[in-house]
$ cat coords_36.pdb   # PDB, C-alpha atoms, pLDDT in the B column
ATOM      1  CA  MET U   3       0.000   0.000   0.000  1.00 90.00           C
ATOM      2  CA  ILE U   4       1.219   3.480  -0.877  1.00 94.00           C
ATOM      3  CA  GLU U   5      -0.194   6.433   1.054  1.00 93.00           C
ATOM      4  CA  LYS U   6       0.865   9.848  -0.223  1.00 90.00           C
ATOM      5  CA  PHE U   7      -0.580  13.199  -1.128  1.00 88.00           C
ATOM      6  CA  GLY U   8      -3.882  12.510   0.652  1.00 88.00           C
ATOM      7  CA  ILE U   9      -4.658   9.397  -1.403  1.00 93.00           C
ATOM      8  CA  CYS U  10      -4.002   5.684  -1.121  1.00 94.00           C
ATOM      9  CA  LEU U  11      -2.848   3.212  -3.751  1.00 97.00           C
ATOM     10  CA  GLU U  12      -4.189  -0.075  -2.443  1.00 95.00           C
ATOM     11  CA  PRO U  13      -3.199  -3.424  -3.973  1.00 94.00           C
ATOM     12  CA  LEU U  14      -5.947  -4.871  -6.128  1.00 90.00           C
ATOM     13  CA  THR U  15      -8.113  -7.591  -4.548  1.00 86.00           C
ATOM     14  CA  LEU U  16     -10.631  -9.881  -6.219  1.00 83.00           C
ATOM     15  CA  GLU U  17     -13.410  -7.668  -4.841  1.00 84.00           C
ATOM     16  CA  SER U  18     -11.879  -4.468  -6.202  1.00 86.00           C
ATOM     17  CA  ALA U  19     -11.122  -6.228  -9.505  1.00 82.00           C
ATOM     18  CA  MET U  20     -14.890  -6.618  -9.929  1.00 83.00           C
ATOM     19  CA  LEU U  21     -15.276  -2.853  -9.579  1.00 75.00           C
ATOM     20  CA  VAL U  22     -12.522  -2.440 -12.184  1.00 79.00           C
ATOM     21  CA  ARG U  23     -14.551  -4.703 -14.466  1.00 77.00           C
ATOM     22  CA  ALA U  24     -17.583  -2.407 -14.147  1.00 80.00           C
ATOM     23  CA  TRP U  25     -15.434   0.636 -14.909  1.00 72.00           C
ATOM     24  CA  ARG U  26     -13.720  -1.066 -17.867  1.00 71.00           C
ATOM     25  CA  ASN U  27     -17.067  -2.073 -19.356  1.00 69.00           C
ATOM     26  CA  SER U  28     -18.314   1.525 -19.245  1.00 65.00           C
ATOM     27  CA  PRO U  29     -18.175   3.331 -22.626  1.00 66.00           C
ATOM     28  CA  LYS U  30     -16.326   6.318 -21.125  1.00 71.00           C
ATOM     29  CA  VAL U  31     -13.366   4.189 -19.995  1.00 55.00           C
ATOM     30  CA  ASN U  32     -13.554   1.550 -22.719  1.00 52.00           C
ATOM     31  CA  ARG U  33     -13.296   3.866 -25.728  1.00 56.00           C
ATOM     32  CA  PHE U  34      -9.521   4.382 -25.420  1.00 57.00           C
ATOM     33  CA  MET U  35      -8.637   0.838 -24.349  1.00 54.00           C
ATOM     34  CA  ASP U  36      -6.903  -1.725 -26.520  1.00 59.00           C
ATOM     35  CA  PHE U  37      -9.321  -4.498 -25.475  1.00 59.00           C
ATOM     36  CA  LYS U  38     -12.804  -3.185 -26.173  1.00 54.00           C
ATOM     37  CA  ALA U  39     -14.979  -6.288 -25.843  1.00 63.00           C
ATOM     38  CA  TYR U  40     -17.356  -6.677 -22.912  1.00 73.00           C
ATOM     39  CA  ILE U  41     -15.493  -8.263 -19.989  1.00 67.00           C
ATOM     40  CA  THR U  42     -17.392 -11.150 -18.420  1.00 77.00           C
ATOM     41  CA  LEU U  43     -17.198 -12.152 -14.778  1.00 71.00           C
ATOM     42  CA  GLY U  44     -15.179 -15.242 -15.716  1.00 81.00           C
ATOM     43  CA  GLN U  45     -12.750 -13.252 -17.841  1.00 82.00           C
ATOM     44  CA  GLN U  46     -12.171 -10.803 -15.008  1.00 75.00           C
ATOM     45  CA  GLU U  47     -11.599 -13.607 -12.502  1.00 79.00           C
ATOM     46  CA  ARG U  48      -9.046 -15.258 -14.830  1.00 82.00           C
ATOM     47  CA  TRP U  49      -7.335 -11.909 -15.445  1.00 78.00           C
ATOM     48  CA  PHE U  50      -7.118 -11.255 -11.707  1.00 82.00           C
ATOM     49  CA  GLU U  51      -5.655 -14.725 -11.034  1.00 81.00           C
ATOM     50  CA  ALA U  52      -3.044 -14.105 -13.744  1.00 84.00           C
ATOM     51  CA  ILE U  53      -1.937 -10.724 -12.402  1.00 80.00           C
ATOM     52  CA  VAL U  54      -1.672 -11.782  -8.754  1.00 79.00           C
ATOM     53  CA  THR U  55       0.783 -14.510  -9.719  1.00 72.00           C
ATOM     54  CA  SER U  56       2.874 -12.149 -11.875  1.00 75.00           C
ATOM     55  CA  THR U  57       5.333  -9.344 -11.189  1.00 84.00           C
ATOM     56  CA  ASN U  58       2.758  -6.776 -12.320  1.00 90.00           C
ATOM     57  CA  VAL U  59       1.465  -4.325  -9.714  1.00 93.00           C
ATOM     58  CA  TYR U  60      -2.112  -3.069  -9.823  1.00 91.00           C
ATOM     59  CA  PHE U  61      -3.559  -0.580  -7.369  1.00 95.00           C
ATOM     60  CA  ILE U  62      -6.992   0.837  -6.681  1.00 94.00           C
ATOM     61  CA  ILE U  63      -6.764   4.593  -6.200  1.00 95.00           C
ATOM     62  CA  ARG U  64      -8.692   5.595  -3.076  1.00 93.00           C
ATOM     63  CA  LYS U  65      -9.590   8.915  -1.530  1.00 92.00           C
ATOM     64  CA  GLY U  66     -10.575   7.981   2.002  1.00 90.00           C
ATOM     65  CA  SER U  67     -12.752   4.901   1.632  1.00 90.00           C
ATOM     66  CA  THR U  68     -13.910   5.808  -1.890  1.00 91.00           C
ATOM     67  CA  PRO U  69     -12.436   3.803  -4.772  1.00 93.00           C
ATOM     68  CA  ILE U  70     -11.749   6.158  -7.664  1.00 91.00           C
ATOM     69  CA  GLY U  71      -9.769   4.341 -10.342  1.00 91.00           C
ATOM     70  CA  LEU U  72      -6.990   1.962 -11.256  1.00 89.00           C
ATOM     71  CA  ILE U  73      -3.254   2.551 -11.705  1.00 95.00           C
ATOM     72  CA  HIS U  74      -0.617  -0.031 -12.502  1.00 92.00           C
ATOM     73  CA  LEU U  75       2.833  -1.061 -13.648  1.00 95.00           C
ATOM     74  CA  ASN U  76       3.008  -4.076 -15.933  1.00 90.00           C
ATOM     75  CA  ARG U  77       5.020  -5.584 -18.798  1.00 91.00           C
ATOM     76  CA  PHE U  78       8.185  -5.509 -16.705  1.00 92.00           C
ATOM     77  CA  ASP U  79      11.493  -6.108 -18.474  1.00 93.00           C
ATOM     78  CA  THR U  80      13.895  -6.926 -15.658  1.00 90.00           C
ATOM     79  CA  ASP U  81      16.966  -6.883 -17.934  1.00 93.00           C
ATOM     80  CA  LYS U  82      16.225  -3.369 -19.197  1.00 95.00           C
ATOM     81  CA  LYS U  83      14.647  -2.231 -15.902  1.00 96.00           C
ATOM     82  CA  THR U  84      11.483  -0.997 -17.605  1.00 96.00           C
ATOM     83  CA  ALA U  85       7.734  -1.300 -17.168  1.00 96.00           C
ATOM     84  CA  TYR U  86       4.548   0.160 -18.608  1.00 95.00           C
ATOM     85  CA  ALA U  87       2.301   2.383 -16.512  1.00 95.00           C
ATOM     86  CA  GLY U  88      -1.415   2.803 -16.976  1.00 89.00           C
ATOM     87  CA  LEU U  89      -4.264   4.548 -15.245  1.00 89.00           C
ATOM     88  CA  PHE U  90      -7.912   5.396 -15.529  1.00 81.00           C
ATOM     89  CA  ILE U  91     -10.436   7.129 -13.326  1.00 82.00           C
ATOM     90  CA  GLY U  92     -13.581   5.039 -13.033  1.00 84.00           C
ATOM     91  CA  ASP U  93     -15.616   7.340 -10.809  1.00 72.00           C
ATOM     92  CA  GLU U  94     -16.466  10.344 -13.003  1.00 77.00           C
ATOM     93  CA  GLU U  95     -17.086  12.503  -9.926  1.00 77.00           C
ATOM     94  CA  PHE U  96     -13.308  12.598  -9.353  1.00 73.00           C
ATOM     95  CA  GLU U  97     -12.230  13.521 -12.881  1.00 77.00           C
ATOM     96  CA  GLY U  98     -10.355  16.800 -12.962  1.00 74.00           C
ATOM     97  CA  THR U  99      -9.750  16.840  -9.194  1.00 77.00           C
ATOM     98  CA  GLY U 100      -5.988  16.196  -9.374  1.00 79.00           C
ATOM     99  CA  ILE U 101      -6.265  12.766  -7.801  1.00 88.00           C
ATOM    100  CA  ALA U 102      -5.051  11.016 -10.970  1.00 90.00           C
ATOM    101  CA  PHE U 103      -2.038  13.339 -11.015  1.00 90.00           C
ATOM    102  CA  LYS U 104      -1.261  12.559  -7.364  1.00 93.00           C
ATOM    103  CA  ALA U 105      -1.581   8.831  -8.077  1.00 94.00           C
ATOM    104  CA  SER U 106       0.736   9.111 -11.079  1.00 94.00           C
ATOM    105  CA  VAL U 107       3.435  10.958  -9.136  1.00 94.00           C
ATOM    106  CA  ALA U 108       3.183   8.400  -6.314  1.00 95.00           C
ATOM    107  CA  LEU U 109       3.442   5.518  -8.808  1.00 96.00           C
ATOM    108  CA  LEU U 110       6.443   7.052 -10.580  1.00 96.00           C
ATOM    109  CA  GLU U 111       8.194   7.600  -7.245  1.00 95.00           C
ATOM    110  CA  TYR U 112       7.515   3.937  -6.431  1.00 96.00           C
ATOM    111  CA  ALA U 113       8.761   2.816  -9.863  1.00 96.00           C
ATOM    112  CA  PHE U 114      12.009   4.767  -9.758  1.00 96.00           C
ATOM    113  CA  GLU U 115      12.813   4.854  -6.044  1.00 94.00           C
ATOM    114  CA  GLU U 116      11.517   1.511  -4.748  1.00 94.00           C
ATOM    115  CA  LEU U 117      11.624  -0.729  -7.824  1.00 94.00           C
ATOM    116  CA  LYS U 118      14.749   0.994  -9.214  1.00 96.00           C
ATOM    117  CA  LEU U 119      13.404   1.068 -12.765  1.00 97.00           C
ATOM    118  CA  ASP U 120      15.352   3.023 -15.376  1.00 97.00           C
ATOM    119  CA  LYS U 121      12.413   3.816 -17.635  1.00 97.00           C
ATOM    120  CA  VAL U 122       8.614   3.765 -17.563  1.00 97.00           C
ATOM    121  CA  PHE U 123       6.491   3.673 -20.706  1.00 97.00           C
ATOM    122  CA  ALA U 124       2.869   4.648 -21.285  1.00 95.00           C
ATOM    123  CA  LYS U 125       0.777   3.216 -24.118  1.00 93.00           C
ATOM    124  CA  VAL U 126      -1.709   5.893 -25.167  1.00 91.00           C
ATOM    125  CA  HIS U 127      -4.354   5.937 -27.904  1.00 87.00           C
ATOM    126  CA  LYS U 128      -3.267   8.459 -30.540  1.00 89.00           C
ATOM    127  CA  ASP U 129      -6.707  10.123 -30.427  1.00 87.00           C
ATOM    128  CA  ASN U 130      -6.659  10.564 -26.645  1.00 87.00           C
ATOM    129  CA  ALA U 131      -5.264  14.104 -26.602  1.00 89.00           C
ATOM    130  CA  VAL U 132      -6.114  14.548 -22.911  1.00 86.00           C
ATOM    131  CA  ALA U 133      -4.036  11.485 -21.931  1.00 88.00           C
ATOM    132  CA  ILE U 134      -1.155  12.509 -24.200  1.00 92.00           C
ATOM    133  CA  ASP U 135      -1.048  16.012 -22.687  1.00 92.00           C
ATOM    134  CA  TYR U 136      -1.436  14.570 -19.185  1.00 89.00           C
ATOM    135  CA  ASN U 137       1.565  12.283 -19.647  1.00 92.00           C
ATOM    136  CA  LYS U 138       3.646  15.060 -21.185  1.00 93.00           C
ATOM    137  CA  ASN U 139       2.881  17.232 -18.128  1.00 90.00           C
ATOM    138  CA  LEU U 140       4.295  14.427 -15.980  1.00 92.00           C
ATOM    139  CA  GLY U 141       7.497  14.481 -18.052  1.00 93.00           C
ATOM    140  CA  PHE U 142       6.802  11.708 -20.558  1.00 95.00           C
ATOM    141  CA  GLU U 143       7.908  12.223 -24.147  1.00 95.00           C
ATOM    142  CA  TYR U 144       7.013  10.532 -27.421  1.00 95.00           C
ATOM    143  CA  ASP U 145       8.950   7.292 -27.983  1.00 93.00           C
ATOM    144  CA  GLY U 146       7.378   5.816 -31.132  1.00 90.00           C
ATOM    145  CA  ALA U 147       4.447   3.840 -32.392  1.00 87.00           C
ATOM    146  CA  GLU U 148       2.870   1.000 -30.415  1.00 86.00           C
ATOM    147  CA  SER U 149       0.404  -1.551 -31.717  1.00 83.00           C
ATOM    148  CA  GLY U 150      -2.527  -0.322 -33.811  1.00 85.00           C
ATOM    149  CA  PRO U 151      -3.717   3.196 -33.003  1.00 88.00           C
ATOM    150  CA  PHE U 152      -1.488   3.525 -29.948  1.00 90.00           C
ATOM    151  CA  GLN U 153       1.718   5.425 -29.362  1.00 93.00           C
ATOM    152  CA  ARG U 154       4.370   4.887 -26.726  1.00 95.00           C
ATOM    153  CA  LEU U 155       5.539   7.626 -24.398  1.00 96.00           C
ATOM    154  CA  LYS U 156       8.480   7.285 -22.006  1.00 97.00           C
ATOM    155  CA  ILE U 157      10.072   8.867 -18.983  1.00 97.00           C
ATOM    156  CA  ASN U 158      13.400   7.814 -17.543  1.00 96.00           C
ATOM    157  CA  SER U 159      14.487   8.053 -13.935  1.00 94.00           C
ATOM    158  CA  THR U 160      16.805  11.015 -14.580  1.00 94.00           C
ATOM    159  CA  ALA U 161      14.043  13.036 -16.250  1.00 94.00           C
ATOM    160  CA  PHE U 162      11.619  12.194 -13.448  1.00 93.00           C
ATOM    161  CA  ILE U 163      14.085  13.198 -10.744  1.00 91.00           C
ATOM    162  CA  ALA U 164      14.734  16.475 -12.592  1.00 90.00           C
ATOM    163  CA  LYS U 165      10.991  17.185 -12.808  1.00 89.00           C
ATOM    164  CA  ARG U 166      10.031  15.840  -9.371  1.00 88.00           C
ATOM    165  CA  SER U 167      10.302  19.141  -7.462  1.00 87.00           C
ATOM    166  CA  TYR U 168       8.140  20.856 -10.060  1.00 87.00           C
ATOM    167  CA  LEU U 169       5.540  18.064  -9.844  1.00 89.00           C
ATOM    168  CA  LEU U 170       5.501  18.145  -6.036  1.00 86.00           C
ATOM    169  CA  ASN U 171       4.998  21.908  -6.133  1.00 85.00           C
ATOM    170  CA  LEU U 172       1.965  21.391  -8.378  1.00 84.00           C
ATOM    171  CA  LEU U 173       0.520  18.969  -5.828  1.00 78.00           C
ATOM    172  CA  THR U 174       0.532  21.649  -3.147  1.00 74.00           C
ATOM    173  CA  LEU U 175      -1.347  24.263  -5.189  1.00 56.00           C
TER
END
$ encode --input "coords_36.pdb" --output "structure tokens"
Amino acid sequence: MIEKFGICLEPLTLESAMLVRAWRNSPKVNRFMDFKAYITLGQQERWFEAIVTSTNVYFIIRKGSTPIGLIHLNRFDTDKKTAYAGLFIGDEEFEGTGIAFKASVALLEYAFEELKLDKVFAKVHKDNAVAIDYNKNLGFEYDGAESGPFQRLKINSTAFIAKRSYLLNLLTL
């Protein structure tokens, strides 16, 4: 569990994975995802079982006792010390509140300081201008094409450390 900036990143449980399923099946979240098909209960249970036995880390973003969204690191490459980060806000009431930004800074600190990663990637739909701008504000930069309509953004540990003070200042505004 990571508690910072007035929020909590809580490891995903089977119960919270079912909430993630509801969010993922909503058109607002689903439209920019790679996997767009309806996620069944069985599919979600199998997905959860696969991630809990992997090196991937998935967290529910909470403000107090309210679950707000999902943030994660997956697709680890231990030789290159890299992983992919992803996030979505499932509870529309919390969009635009800065909680996603706080969660992202906390996750990047975890990735670079605790896990000692050298680089973190983000796979973003090329038509999701809000997500592209969001990641660029965090310090990510374009790194090339991904599969289909997605592009890859990256941030390395040096760039994050250089931008960290600026990001922390934004969190206090």
$ residues_around --input "coords_36.pdb" --residues "Arg154 in chain U" --least-positions-apart "3" --cutoff "9 Å" --atoms "all atoms listed in the file" --output "PyMOL selection string"
chain U and resi 123-127+143-148
$ closest_residue --input "coords_36.pdb" --among "U:Tyr112, U:Tyr86, U:Trp25, U:Tyr168" --to "Ile70 in chain U" --atoms "only C-alpha atoms"
U:Trp25
$ resolve_selection --input "coords_36.pdb" --expression "the PyMOL selection byres ((chain U and resi 163) around 12)" --output "ChimeraX atom specification"
/U:107,110-111,113-115,120-121,140-141,157-162,164-170
$ residues_around --input "coords_36.pdb" --residues "Ile91 in chain U" --least-positions-apart "3" --cutoff "9 Å" --atoms "all atoms listed in the file" --output "number ranges by chain"
U: 25, 31, 63, 70-73, 94, 96-97, 101-102
$ resolve_selection --input "coords_36.pdb" --expression "the PyMOL selection byres ((chain U and resi 82) around 12)" --output "PDB file with C-alpha atoms, in the frame of the given file"
ATOM      1  CA  ARG U  77       5.020  -5.584 -18.798  1.00 91.00           C
ATOM      2  CA  PHE U  78       8.185  -5.509 -16.705  1.00 92.00           C
ATOM      3  CA  ASP U  79      11.493  -6.108 -18.474  1.00 93.00           C
ATOM      4  CA  THR U  80      13.895  -6.926 -15.658  1.00 90.00           C
ATOM      5  CA  ASP U  81      16.966  -6.883 -17.934  1.00 93.00           C
ATOM      6  CA  LYS U  83      14.647  -2.231 -15.902  1.00 96.00           C
ATOM      7  CA  THR U  84      11.483  -0.997 -17.605  1.00 96.00           C
ATOM      8  CA  ALA U  85       7.734  -1.300 -17.168  1.00 96.00           C
ATOM      9  CA  LYS U 118      14.749   0.994  -9.214  1.00 96.00           C
ATOM     10  CA  LEU U 119      13.404   1.068 -12.765  1.00 97.00           C
ATOM     11  CA  ASP U 120      15.352   3.023 -15.376  1.00 97.00           C
ATOM     12  CA  LYS U 121      12.413   3.816 -17.635  1.00 97.00           C
ATOM     13  CA  VAL U 122       8.614   3.765 -17.563  1.00 97.00           C
ATOM     14  CA  ASN U 158      13.400   7.814 -17.543  1.00 96.00           C
TER      15      ASN U 158
END
$ closest_residue --input "coords_36.pdb" --among "U:Asp93, U:Leu43, U:Leu75, U:Val132" --to "Ser106 in chain U" --atoms "only C-alpha atoms"
U:Leu75
$ atom_distance --input "coords_36.pdb" --atom1 "CA of Glu12 in chain U" --atom2 "CA of Ala131 in chain U"
28.0 Å
$ resolve_selection --input "coords_36.pdb" --expression "the PyMOL selection byres ((chain U and resi 88) around 6)" --output "VMD selection string"
chain U and resid 73 to 74 87 89
$ write_last_selection --input "coords_36.pdb" --atoms "C-alpha atoms" --output "PDB file, keeping the file's coordinate frame"
ATOM      1  CA  ILE U  73      -3.254   2.551 -11.705  1.00 95.00           C
ATOM      2  CA  HIS U  74      -0.617  -0.031 -12.502  1.00 92.00           C
ATOM      3  CA  ALA U  87       2.301   2.383 -16.512  1.00 95.00           C
ATOM      4  CA  LEU U  89      -4.264   4.548 -15.245  1.00 89.00           C
TER       5      LEU U  89
END
$ atom_distance --input "coords_36.pdb" --atom1 "CA of Ile62 in chain U" --atom2 "CA of Gly98 in chain U"
17.5 Å
$ closest_residue --input "coords_36.pdb" --among "U:Val54, U:Lys6, U:Tyr40, U:Lys138" --to "Ala19 in chain U" --atoms "only C-alpha atoms"
U:Val54
